[in-house]
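> Structure: target-v9.cif, mmCIF, C-alpha atoms and all ligand atoms.
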data_entry
#
loop_
_atom_site.label_atom_id
_atom_site.label_comp_id
_atom_site.auth_asym_id
_atom_site.auth_seq_id
_atom_site.Cartn_x
_atom_site.Cartn_y
_atom_site.Cartn_z
CA MET N 1 15.91 21.29 49.97
CA ILE N 2 12.12 21.48 49.68
CA ALA N 3 11.86 22.37 53.39
CA LEU N 4 14.38 25.18 52.95
CA LYS N 5 12.46 26.51 49.94
CA THR N 6 9.26 26.52 52.00
CA ILE N 7 10.94 28.41 54.83
CA PHE N 8 12.23 31.05 52.41
CA ALA N 9 8.80 31.34 50.83
CA GLN N 10 7.28 31.91 54.26
CA ILE N 11 9.85 34.53 55.23
CA GLU N 12 9.24 36.39 51.97
CA TYR N 13 5.48 36.17 52.48
CA SER N 14 5.45 37.49 56.07
CA MET N 15 7.90 40.27 55.09
CA SER N 16 5.53 41.44 52.39
CA GLU N 17 2.62 41.62 54.80
CA LYS N 18 4.69 43.69 57.23
CA ASP N 19 5.35 46.15 54.42
CA PHE N 20 1.76 47.34 54.83
CA ILE N 21 2.28 48.46 58.44
CA PRO N 22 2.64 52.25 58.27
CA ALA N 23 5.29 54.47 59.82
CA PRO N 24 4.10 56.08 63.10
CA TYR N 25 1.68 58.94 62.51
CA THR N 26 2.81 62.33 63.77
CA THR N 27 -0.58 64.04 63.72
CA LEU N 28 -4.13 62.71 63.65
CA LYS N 29 -6.85 64.90 62.21
CA GLU N 30 -9.70 65.62 64.68
CA GLU N 31 -12.64 65.19 62.33
CA GLY N 32 -13.51 64.91 58.67
CA SER N 33 -15.31 62.92 56.04
CA VAL N 34 -14.45 61.11 52.84
CA THR N 35 -16.56 59.53 50.10
CA TYR N 36 -15.65 56.93 47.48
CA SER N 37 -17.50 55.05 44.81
CA SER N 38 -16.13 51.59 44.07
CA PRO N 39 -17.29 49.10 41.46
CA SER N 40 -18.10 45.44 41.41
CA ASN N 41 -16.09 43.16 39.13
CA ILE N 42 -16.71 39.98 37.18
CA ALA N 43 -14.05 37.29 37.13
CA LEU N 44 -13.01 35.69 33.84
CA VAL N 45 -10.75 33.19 35.63
CA LYS N 46 -12.41 32.47 38.95
CA TYR N 47 -11.13 32.60 42.53
CA TRP N 48 -12.63 29.60 44.30
CA GLY N 49 -10.79 28.20 47.30
CA LYS N 50 -8.61 30.02 49.82
CA ARG N 51 -6.12 29.52 52.60
CA GLU N 52 -5.84 31.30 55.94
CA ASN N 53 -5.74 35.12 55.88
CA GLN N 54 -7.63 35.38 52.60
CA ILE N 55 -4.83 33.90 50.51
CA PRO N 56 -6.31 32.59 47.26
CA ALA N 57 -5.81 28.94 46.33
CA ASN N 58 -5.44 29.97 42.69
CA PRO N 59 -4.91 33.12 40.64
CA SER N 60 -7.85 34.99 39.10
CA ILE N 61 -8.52 37.89 36.75
CA SER N 62 -11.57 40.11 36.32
CA PHE N 63 -13.15 42.85 34.28
CA THR N 64 -13.85 45.85 36.48
CA LEU N 65 -17.45 46.99 36.03
CA ALA N 66 -18.70 50.55 35.59
CA ALA N 67 -22.38 50.72 36.56
CA CYS N 68 -22.61 48.38 39.57
CA VAL N 69 -20.99 50.44 42.33
CA THR N 70 -21.14 51.01 46.07
CA LYS N 71 -20.90 54.57 47.30
CA THR N 72 -19.57 54.90 50.83
CA CYS N 73 -19.15 58.00 52.94
CA VAL N 74 -17.16 57.75 56.16
CA HIS N 75 -17.43 60.54 58.70
CA TYR N 76 -14.71 60.29 61.35
CA LYS N 77 -14.33 62.03 64.68
CA LYS N 78 -11.53 61.45 67.15
CA LYS N 79 -12.69 59.73 70.36
CA ALA N 80 -12.31 61.78 73.55
CA GLN N 81 -10.41 58.83 75.01
CA HIS N 82 -8.69 55.91 73.33
CA SER N 83 -10.58 52.66 73.90
CA ASP N 84 -9.86 49.15 72.79
CA GLU N 85 -13.16 48.73 70.95
CA PHE N 86 -14.07 49.77 67.44
CA SER N 87 -16.76 52.41 67.47
CA PHE N 88 -19.01 52.98 64.45
CA ASP N 89 -22.56 53.49 63.25
CA LEU N 90 -23.57 51.81 60.05
CA LEU N 91 -26.19 53.23 57.73
CA PHE N 92 -27.36 51.51 54.55
CA GLU N 93 -29.22 53.88 52.24
CA GLY N 94 -29.64 56.27 55.15
CA GLU N 95 -31.03 53.73 57.62
CA ALA N 96 -29.25 52.02 60.51
CA LYS N 97 -28.35 48.41 59.64
CA GLU N 98 -27.36 46.50 62.76
CA GLU N 99 -27.18 43.18 60.88
CA PHE N 100 -24.29 44.42 58.69
CA LYS N 101 -22.19 45.42 61.71
CA PRO N 102 -20.57 42.06 62.61
CA LYS N 103 -19.07 41.76 59.10
CA ILE N 104 -17.61 45.28 59.37
CA ASN N 105 -16.32 44.53 62.85
CA THR N 106 -14.51 41.42 61.56
CA PHE N 107 -13.05 43.52 58.73
CA LEU N 108 -11.82 46.18 61.18
CA LYS N 109 -10.18 43.49 63.36
CA ARG N 110 -8.36 42.10 60.32
CA ILE N 111 -7.05 45.47 59.13
CA VAL N 112 -6.28 47.32 62.37
CA ALA N 113 -2.66 46.10 62.35
CA TYR N 114 -2.24 47.97 59.04
CA LEU N 115 -4.33 51.03 59.97
CA PRO N 116 -3.55 51.54 63.66
CA PHE N 117 -5.67 54.71 63.91
CA LEU N 118 -8.94 52.77 63.61
CA LYS N 119 -9.48 52.51 67.38
CA ASP N 120 -8.89 56.23 67.87
CA TYR N 121 -12.04 57.30 66.03
CA HIS N 122 -15.79 57.01 66.00
CA PHE N 123 -17.05 56.45 62.43
CA ILE N 124 -20.38 57.02 60.78
CA ILE N 125 -20.36 54.78 57.70
CA ASN N 126 -23.07 55.59 55.21
CA THR N 127 -23.28 53.26 52.24
CA SER N 128 -25.54 52.64 49.25
CA ASN N 129 -25.48 50.51 46.09
CA SER N 130 -26.33 51.56 42.55
CA PHE N 131 -27.87 48.12 41.91
CA PRO N 132 -31.10 47.00 43.53
CA HIS N 133 -30.77 45.64 47.05
CA SER N 134 -31.10 41.82 47.13
CA SER N 135 -30.58 41.63 43.36
CA GLY N 136 -28.29 38.69 43.95
CA ILE N 137 -25.36 40.88 42.86
CA ALA N 138 -22.55 40.45 45.34
CA SER N 139 -22.01 43.75 47.07
CA SER N 140 -19.02 42.52 49.05
CA ALA N 141 -16.47 43.41 46.34
CA SER N 142 -17.73 46.95 45.81
CA GLY N 143 -18.69 47.47 49.48
CA MET N 144 -15.44 46.29 51.08
CA SER N 145 -13.28 48.12 48.55
CA ALA N 146 -15.25 51.37 48.99
CA LEU N 147 -14.75 51.18 52.77
CA ALA N 148 -11.05 50.33 52.44
CA LEU N 149 -10.64 53.32 50.11
CA CYS N 150 -12.22 55.67 52.66
CA PHE N 151 -9.94 54.42 55.44
CA MET N 152 -6.87 54.71 53.22
CA GLU N 153 -7.83 58.24 52.22
CA MET N 154 -7.92 59.02 55.94
CA GLU N 155 -4.46 57.54 56.41
CA LYS N 156 -3.25 59.65 53.50
CA THR N 157 -4.13 62.79 55.44
CA PHE N 158 -1.74 61.57 58.20
CA LEU N 159 0.94 60.31 55.76
CA PRO N 160 0.53 62.52 52.67
CA ASN N 161 3.65 61.37 50.84
CA ILE N 162 2.28 58.02 49.78
CA THR N 163 2.49 57.43 46.00
CA THR N 164 -0.59 56.50 43.94
CA ASN N 165 0.88 53.03 43.33
CA ASP N 166 1.49 52.36 47.00
CA PHE N 167 -1.95 53.76 47.85
CA ASN N 168 -3.73 51.49 45.37
CA ARG N 169 -1.70 48.47 46.40
CA LYS N 170 -2.48 48.96 50.07
CA VAL N 171 -6.19 49.56 49.39
CA SER N 172 -6.27 46.32 47.42
CA PHE N 173 -4.41 44.51 50.23
CA LEU N 174 -6.91 45.80 52.82
CA SER N 175 -9.95 45.10 50.60
CA ARG N 176 -8.81 41.50 50.21
CA LEU N 177 -9.06 41.08 53.98
CA GLY N 178 -12.73 42.11 53.75
CA SER N 179 -13.59 39.95 50.76
CA GLY N 180 -11.14 38.29 48.39
CA SER N 181 -12.68 39.51 45.15
CA ALA N 182 -12.83 43.08 46.53
CA CYS N 183 -9.07 43.40 45.95
CA ARG N 184 -9.82 43.40 42.21
CA SER N 185 -12.17 46.42 42.34
CA ILE N 186 -9.80 49.38 42.84
CA GLU N 187 -8.48 49.78 39.31
CA GLY N 188 -9.53 48.71 35.84
CA PRO N 189 -10.19 47.65 33.18
CA LEU N 190 -8.60 44.29 34.06
CA VAL N 191 -7.20 43.29 37.43
CA GLN N 192 -5.28 40.14 38.27
CA TRP N 193 -4.85 38.66 41.75
CA GLY N 194 -2.83 35.68 42.94
CA GLU N 195 0.73 34.59 42.26
CA THR N 196 1.25 32.92 38.91
CA SER N 197 4.34 32.45 36.81
CA SER N 198 2.87 33.98 33.62
CA ILE N 199 2.25 37.41 35.18
CA LYS N 200 5.13 39.48 36.46
CA GLY N 201 4.39 41.24 39.75
CA SER N 202 1.40 39.01 40.55
CA SER N 203 0.78 38.61 44.26
CA ASN N 204 -1.42 36.66 46.65
CA LEU N 205 -1.69 39.75 48.84
CA TYR N 206 -3.24 42.25 46.41
CA GLY N 207 -4.60 42.68 42.91
CA ILE N 208 -2.58 44.38 40.19
CA LYS N 209 -3.74 46.22 37.12
CA TYR N 210 -3.21 43.72 34.29
CA PRO N 211 0.31 44.66 33.16
CA TYR N 212 0.32 43.51 29.52
CA GLU N 213 -1.11 44.63 26.22
CA VAL N 214 -4.89 44.33 25.81
CA HIS N 215 -6.47 44.22 22.32
CA GLU N 216 -8.85 47.04 21.42
CA ILE N 217 -11.75 44.60 20.94
CA PHE N 218 -12.01 44.55 24.74
CA ASN N 219 -12.50 48.34 24.94
CA ASN N 220 -15.99 49.09 26.17
CA PHE N 221 -16.82 45.36 26.41
CA HIS N 222 -20.40 44.84 27.56
CA ASP N 223 -21.70 42.86 30.52
CA THR N 224 -25.49 42.69 30.63
CA ILE N 225 -26.35 41.13 33.97
CA LEU N 226 -29.51 39.05 33.92
CA LEU N 227 -31.14 38.85 37.34
CA VAL N 228 -32.45 35.30 37.31
CA ASP N 229 -32.94 34.85 41.00
CA LYS N 230 -32.84 37.65 43.52
CA GLY N 231 -33.28 35.46 46.59
CA GLU N 232 -30.75 34.87 49.33
CA LYS N 233 -28.13 32.31 48.23
CA GLN N 234 -28.41 28.93 50.00
CA VAL N 235 -24.63 28.70 50.31
CA SER N 236 -22.37 31.73 50.76
CA SER N 237 -19.13 32.15 48.83
CA THR N 238 -17.22 31.88 52.10
CA VAL N 239 -18.67 28.40 52.72
CA GLY N 240 -18.08 27.48 49.06
CA HIS N 241 -14.40 28.43 49.34
CA GLU N 242 -14.12 26.27 52.49
CA LEU N 243 -15.47 23.27 50.62
CA MET N 244 -12.46 23.34 48.30
CA HIS N 245 -10.42 21.99 51.23
CA GLY N 246 -10.30 18.24 50.64
CA HIS N 247 -12.29 18.61 47.42
CA PRO N 248 -11.56 15.59 45.15
CA PHE N 249 -10.72 17.84 42.15
CA ALA N 250 -9.03 20.71 44.00
CA THR N 251 -5.48 20.15 42.73
CA GLN N 252 -6.58 19.80 39.11
CA ARG N 253 -8.80 22.88 39.41
CA PHE N 254 -6.07 25.06 40.90
CA ASP N 255 -3.63 23.94 38.17
CA GLN N 256 -6.27 24.63 35.52
CA ALA N 257 -6.70 28.22 36.73
CA HIS N 258 -2.96 28.89 36.21
CA THR N 259 -3.15 27.37 32.72
CA ASN N 260 -6.31 29.30 31.80
CA LEU N 261 -4.77 32.54 32.97
CA GLU N 262 -1.75 31.95 30.77
CA LYS N 263 -3.98 31.11 27.79
CA LEU N 264 -6.13 34.17 28.48
CA GLY N 265 -3.01 36.35 28.39
CA LYS N 266 -2.52 35.40 24.73
CA VAL N 267 -6.21 36.01 23.97
CA LEU N 268 -6.19 39.42 25.64
CA ALA N 269 -3.25 40.41 23.45
CA ASP N 270 -4.48 39.04 20.12
CA GLY N 271 -8.23 39.64 20.61
CA ASN N 272 -9.23 36.12 19.53
CA LEU N 273 -12.81 36.06 20.79
CA ILE N 274 -13.37 32.39 19.95
CA ASP N 275 -10.61 31.41 22.37
CA PHE N 276 -11.86 34.04 24.84
CA ILE N 277 -15.29 32.40 24.86
CA SER N 278 -13.95 28.91 25.40
CA ILE N 279 -11.84 29.97 28.40
CA VAL N 280 -14.48 32.19 30.01
CA GLU N 281 -17.43 29.81 29.63
CA SER N 282 -15.34 26.86 30.79
CA GLU N 283 -14.27 28.82 33.88
CA ALA N 284 -17.92 29.62 34.71
CA LEU N 285 -19.06 26.04 34.35
CA THR N 286 -16.02 24.72 36.22
CA LEU N 287 -16.84 27.02 39.15
CA HIS N 288 -20.33 25.54 39.34
CA ALA N 289 -18.99 22.02 38.75
CA MET N 290 -16.81 22.50 41.85
CA MET N 291 -19.94 23.35 43.83
CA MET N 292 -21.78 20.32 42.49
CA THR N 293 -18.89 17.97 43.34
CA SER N 294 -18.02 19.25 46.82
CA ASN N 295 -19.09 17.53 50.01
CA PRO N 296 -21.76 18.59 50.82
CA TYR N 297 -22.71 19.36 47.19
CA PHE N 298 -24.95 22.21 46.16
CA ILE N 299 -26.36 23.90 43.06
CA LEU N 300 -26.68 27.67 42.73
CA MET N 301 -27.88 27.71 39.12
CA LYS N 302 -31.62 27.75 38.50
CA PRO N 303 -33.53 26.24 35.57
CA ASN N 304 -33.61 29.69 33.94
CA THR N 305 -29.82 29.95 34.20
CA LEU N 306 -29.55 26.89 31.97
CA SER N 307 -32.27 28.11 29.61
CA ILE N 308 -30.32 31.35 29.13
CA ILE N 309 -27.06 29.49 28.49
CA ASN N 310 -28.76 27.32 25.85
CA GLU N 311 -30.31 30.36 24.17
CA ILE N 312 -26.90 32.06 24.05
CA TRP N 313 -25.30 29.01 22.47
CA LYS N 314 -28.08 28.75 19.87
CA PHE N 315 -27.95 32.45 19.01
CA ARG N 316 -24.15 32.47 18.77
CA GLU N 317 -24.25 29.65 16.26
CA GLU N 318 -26.97 31.30 14.16
CA SER N 319 -25.72 34.89 14.31
CA ASN N 320 -22.00 34.37 14.02
CA THR N 321 -21.49 36.81 16.90
CA HIS N 322 -19.21 36.44 19.91
CA VAL N 323 -21.69 36.74 22.73
CA CYS N 324 -20.87 34.50 25.69
CA PHE N 325 -21.72 34.09 29.35
CA THR N 326 -20.07 33.89 32.70
CA LEU N 327 -21.52 33.21 36.14
CA ASP N 328 -20.64 34.29 39.63
CA ALA N 329 -21.55 32.29 42.73
CA GLY N 330 -25.28 32.47 42.07
CA ALA N 331 -28.00 32.00 39.46
CA ASN N 332 -27.55 35.33 37.63
CA VAL N 333 -25.96 35.30 34.19
CA HIS N 334 -23.40 37.86 32.97
CA VAL N 335 -23.75 38.18 29.19
CA LEU N 336 -20.49 39.41 27.67
CA TYR N 337 -20.11 40.86 24.15
CA PRO N 338 -17.95 43.38 22.28
CA GLU N 339 -19.06 46.94 21.55
CA ASN N 340 -19.13 46.33 17.77
CA GLU N 341 -21.78 43.59 18.15
CA LYS N 342 -24.10 45.40 20.54
CA ASP N 343 -26.66 46.35 17.86
CA VAL N 344 -27.24 42.67 17.12
CA VAL N 345 -26.74 41.18 20.57
CA PHE N 346 -28.72 43.58 22.73
CA PRO N 347 -32.04 43.13 20.84
CA PHE N 348 -31.53 39.35 21.19
CA ILE N 349 -30.99 39.74 24.95
CA LYS N 350 -34.15 41.80 25.28
CA GLU N 351 -36.28 39.48 23.21
CA LYS N 352 -35.00 36.03 24.17
CA LEU N 353 -33.18 36.29 27.49
CA VAL N 354 -34.95 38.94 29.56
CA PRO N 355 -38.13 36.78 29.75
CA PHE N 356 -36.07 34.38 31.92
CA CYS N 357 -35.24 37.14 34.43
CA GLN N 358 -37.11 37.57 37.69
CA ASN N 359 -39.56 40.43 37.13
CA GLY N 360 -37.79 41.07 33.81
CA GLN N 361 -34.87 42.72 35.65
CA TYR N 362 -31.41 43.16 34.17
CA ILE N 363 -28.53 45.63 34.44
CA CYS N 364 -26.61 47.06 31.49
CA ASP N 365 -23.01 47.24 32.60
CA ARG N 366 -19.70 47.40 30.84
CA ILE N 367 -15.99 47.28 31.54
CA GLY N 368 -14.89 50.14 33.81
CA LEU N 369 -11.81 51.91 35.09
CA GLY N 370 -12.11 51.47 38.85
CA ALA N 371 -12.93 53.39 42.00
CA LYS N 372 -13.43 57.16 42.21
CA LYS N 373 -13.08 59.66 45.01
CA LEU N 374 -16.20 61.80 45.20
C1 LIG P 401 -17.35 33.10 42.53
O1 LIG P 401 -14.68 37.27 47.15
O2 LIG P 401 -17.09 36.72 47.59
O3 LIG P 401 -17.23 35.46 42.65
O4 LIG P 401 -13.22 36.10 49.98
O5 LIG P 401 -15.01 34.77 51.06
O6 LIG P 401 -15.42 37.18 50.51
P1 LIG P 401 -14.70 35.89 50.14
O7 LIG P 401 -15.29 35.43 48.74
P2 LIG P 401 -15.69 36.25 47.47
O8 LIG P 401 -15.63 35.09 46.35
C2 LIG P 401 -15.93 35.37 45.04
C3 LIG P 401 -15.97 34.15 44.26
C4 LIG P 401 -16.47 34.28 42.84
C5 LIG P 401 -15.32 34.26 41.84
C6 LIG P 401 -14.47 35.49 41.72
O9 LIG P 401 -14.97 36.63 41.89
O10 LIG P 401 -13.28 35.33 41.39
#
Show me this structure written as structure tokens.


Amino acid sequence: MIALKTIFAQIEYSMSEKDFIPAPYTTLKEEGSVTYSSPSNIALVKYWGKRENQIPANPSISFTLAACVTKTCVHYKKKAQHSDEFSFDLLFEGEAKEEFKPKINTFLKRIVAYLPFLKDYHFIINTSNSFPHSSGIASSASGMSALALCFMEMEKTFLPNITTNDFNRKVSFLSRLGSGSACRSIEGPLVQWGETSSIKGSSNLYGIKYPYEVHEIFNNFHDTILLVDKGEKQVSSTVGHELMHGHPFATQRFDQAHTNLEKLGKVLADGNLIDFISIVESEALTLHAMMMTSNPYFILMKPNTLSIINEIWKFREESNTHVCFTLDAGANVHVLYPENEKDVVFPFIKEKLVPFCQNGQYICDRIGLGAKKL
């Protein structure tokens, strides 16, 4: 019985992937260019652990950001002759960046089955970030989604009848193959990724705009990103995800993510910020606890990360506000707070938390609505 269920699950899964293979193109445009801006996102329930083909080990949900974006322009020109290699130049802030090319090449290999025109063109990919380079802010979510958007916009010129829903779903599907969290950057303000029983329409293959009611307290929610350490991470997210295979607490962690997502659903509807804080901060610390208990173990937080967390806890107690923190896979701290508390919280951040930032650097971001065609 179990075996049969597994077989059905696999059939359903492979069928869904095939759905992203397009109908044959009738015409291919000779030349053109397209530009998109796509944001970063910050997970409230974290994706940590994956299976083959970028399938998440657990479901996640994130706030889409507004200020931290990657802008990517793709110029495309049809090759004189079809060749079996991908052909592209890569510019980062106007300068050639050879070291970024292997990652793009891997991305193209993963998505060519779903965008079969990719080998017919030479591309000039010109990309830049709104946030400082080497700020420790992951650019993979915004960068991979911006590139996927440009390629999908190209496909739309060959297959113009695609609906906005199908377009967004396929962009998210493609982005996921570049970087898991990138599939949550296309829309906003909240995007959920990964199958879970509490969210109808949830999928391991793409992110969906959170389909339920969201309380107005989350409108314009702030995320002030404190840049604690701008250095290169010692352990990449990709390696961190790998270390969840055979991790002693993996099963419990994956179950916890489903439970937290269900609990968060209630909080998002009723706007209970006390419960919001306890889920979000626990998720952040659990993510780092997974790193500290993997084999090999590692620590991405820095002493100043902990100092900031302690200051937030102290201030929250004293001020009766609802400021809280979350972390991504690094030392930087995302300070989250509602719009109606910004006049109290922001001066506290400037006075007490910014001194812990490297060179006093921080980014004022807030919840955003997703990618934009420029
Ligand atoms: C800690 O999406 O960067 O930010 O799929 O290997 O590219 P890859 O990993 P990535 O992992 C992000 C992990 C996280 C949590 C999250 O965003 O959910």

> Could you check which of N:Ile309, N:Val214, N:Ala182, N:Met291 is closest to Lys266 (chain N), using all atoms listed in the file?

N:Val214

> Could you check the closest approach to ligand LIG 401 (chain P) for each of N:Phe254, N:Tyr76, N:Trp193, N:Phe117 and tell me which residue wins, using all atoms listed in the file?

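Using all atoms listed in the file, the shortest distance to ligand LIG 401 (chain P) belongs to N:Trp193.
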
> Within 8 Å of ligand LIG 401 (chain P), counting only C-alpha atoms and all ligand atoms, which protein or nucleic acid residues do you find, written as an MDAnalysis selection string?

chainID N and resid 41:48 50 54 60:62 138 140:141 176:182 236:239 241 287 327:330

> With distances taken over all atoms listed in the file, which residue among N:Lys352, N:His334, N:His122, N:His215 lies nearest Leu268 (chain N)?

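Among N:Lys352, N:His334, N:His122, N:His215, it is N:His215 that comes nearest to Leu268 (chain N).
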
> Which residue is closest to Gln252 (chain N)? Choose from N:Arg110, N:Glu216, N:Ala57, N:Asn332 and count all atoms listed in the file.

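Closest to Gln252 (chain N), using all atoms listed in the file: N:Ala57.
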
> Counting all atoms listed in the file, which residues sit no farther than 7 Å from the position (-5.0, 62.3, 61.2) in the file's frame? I'd like them as a ChimeraX atom specification.

/N:27-30,154-155,157-158

> Hey, can you pull every residue with an atom no more than 8 Å from (-16.4, 46.1, 27.4), using all atoms listed in the file, and send it as a list of chain:residue names?

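I get N:Phe218, N:Asn219, N:Asn220, N:Phe221, N:His222, N:Asp223, N:Leu336, N:Tyr337, N:Pro338, N:Glu339, N:Arg366, N:Ile367, N:Gly368 for the residues within 8 Å of that point.
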
> Give the answer as one residue: which of N:Lys372, N:His288, N:His245, N:Lys350 has the shortest atom-to-atom distance to Glu52 (chain N), using only C-alpha atoms?

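Of the candidates, the smallest distance to Glu52 (chain N) is held by N:His245.
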
> Give, as lines of an AutoDock Vina configuration file, the centre coordinates and the x, y and z edge lengths in Å to one decimal for an axis-aligned box around all listed atoms of region 77-90 of chain N, padded by 8 Å on each side.


center_x = -16.1
center_y = 55.4
center_z = 67.5
size_x = 30.9
size_y = 29.3
size_z = 31.0

> Would you mind reading off the distance between CA of Tyr206 (chain N) and CA of Phe276 (chain N), one decimal, in Å?

24.6 Å

> Measuring atom to atom with only C-alpha atoms, identify which of N:Ile104, N:Ser278, N:Met292, N:Phe88 is nearest to Cys324 (chain N).

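Distance minimum relative to Cys324 (chain N) lands on N:Ser278.
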
> May I have the residues within 8 Å of Ser37 (chain N) as a short mmCIF file (atom, residue, chain, number, x, y, z; two decimals) with C-alpha atoms, in the frame of the given file, using only C-alpha atoms and disregarding those fewer than 4 positions away in the same chain?


data_model
loop_
_atom_site.label_atom_id
_atom_site.label_comp_id
_atom_site.auth_asym_id
_atom_site.auth_seq_id
_atom_site.Cartn_x
_atom_site.Cartn_y
_atom_site.Cartn_z
CA VAL N 69 -20.99 50.44 42.33
CA THR N 70 -21.14 51.01 46.07
CA LYS N 71 -20.90 54.57 47.30
CA THR N 72 -19.57 54.90 50.83
CA ALA N 146 -15.25 51.37 48.99
CA ALA N 371 -12.93 53.39 42.00
CA LYS N 372 -13.43 57.16 42.21
CA LYS N 373 -13.08 59.66 45.01
CA LEU N 374 -16.20 61.80 45.20
#

> How many Å lie between CA of Val267 (chain N) and CA of Ile279 (chain N), rounded to one decimal?

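Answer for the CA of Val267 (chain N) to CA of Ile279 (chain N) separation: 9.4 Å.
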
> In Å, how far is it from CA of Gly265 (chain N) to CA of Arg253 (chain N)?

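For CA of Gly265 (chain N) relative to CA of Arg253 (chain N), the distance reads 18.3 Å.
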
> Would you pick out the contacts of Ser172 (chain N) at 7 Å or less, using all atoms listed in the file, so that residues sharing its chain but fewer than 4 positions from it are not included, and give the list as a PyMOL selection string?

chain N and resi 168+176+183-184+186+206-207

> Could you name the residues that touch Thr196 (chain N) at 10 Å or less, counting all atoms listed in the file, but leaving out those on the same chain fewer than 3 positions away, as a ChimeraX atom specification?

/N:58-60,192-193,199-204,257-259,261-262

> Can you pull out every residue within 12 Å of Ala289 (chain N), counting all atoms listed in the file, but drop anything in the same chain fewer than 2 positions away, and send it as a list in words?

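Near Ala289 (chain N), the qualifying residues are Trp48, Gly240, Met244, His247, Pro248, Phe249, Ala250, Arg253, Ser282, Glu283, Ala284, Leu285, Thr286, Leu287, Met291, Met292, Thr293, Ser294, Tyr297, Phe298, Ile299, Leu300, Met301, Leu327 and Ala329 of chain N.
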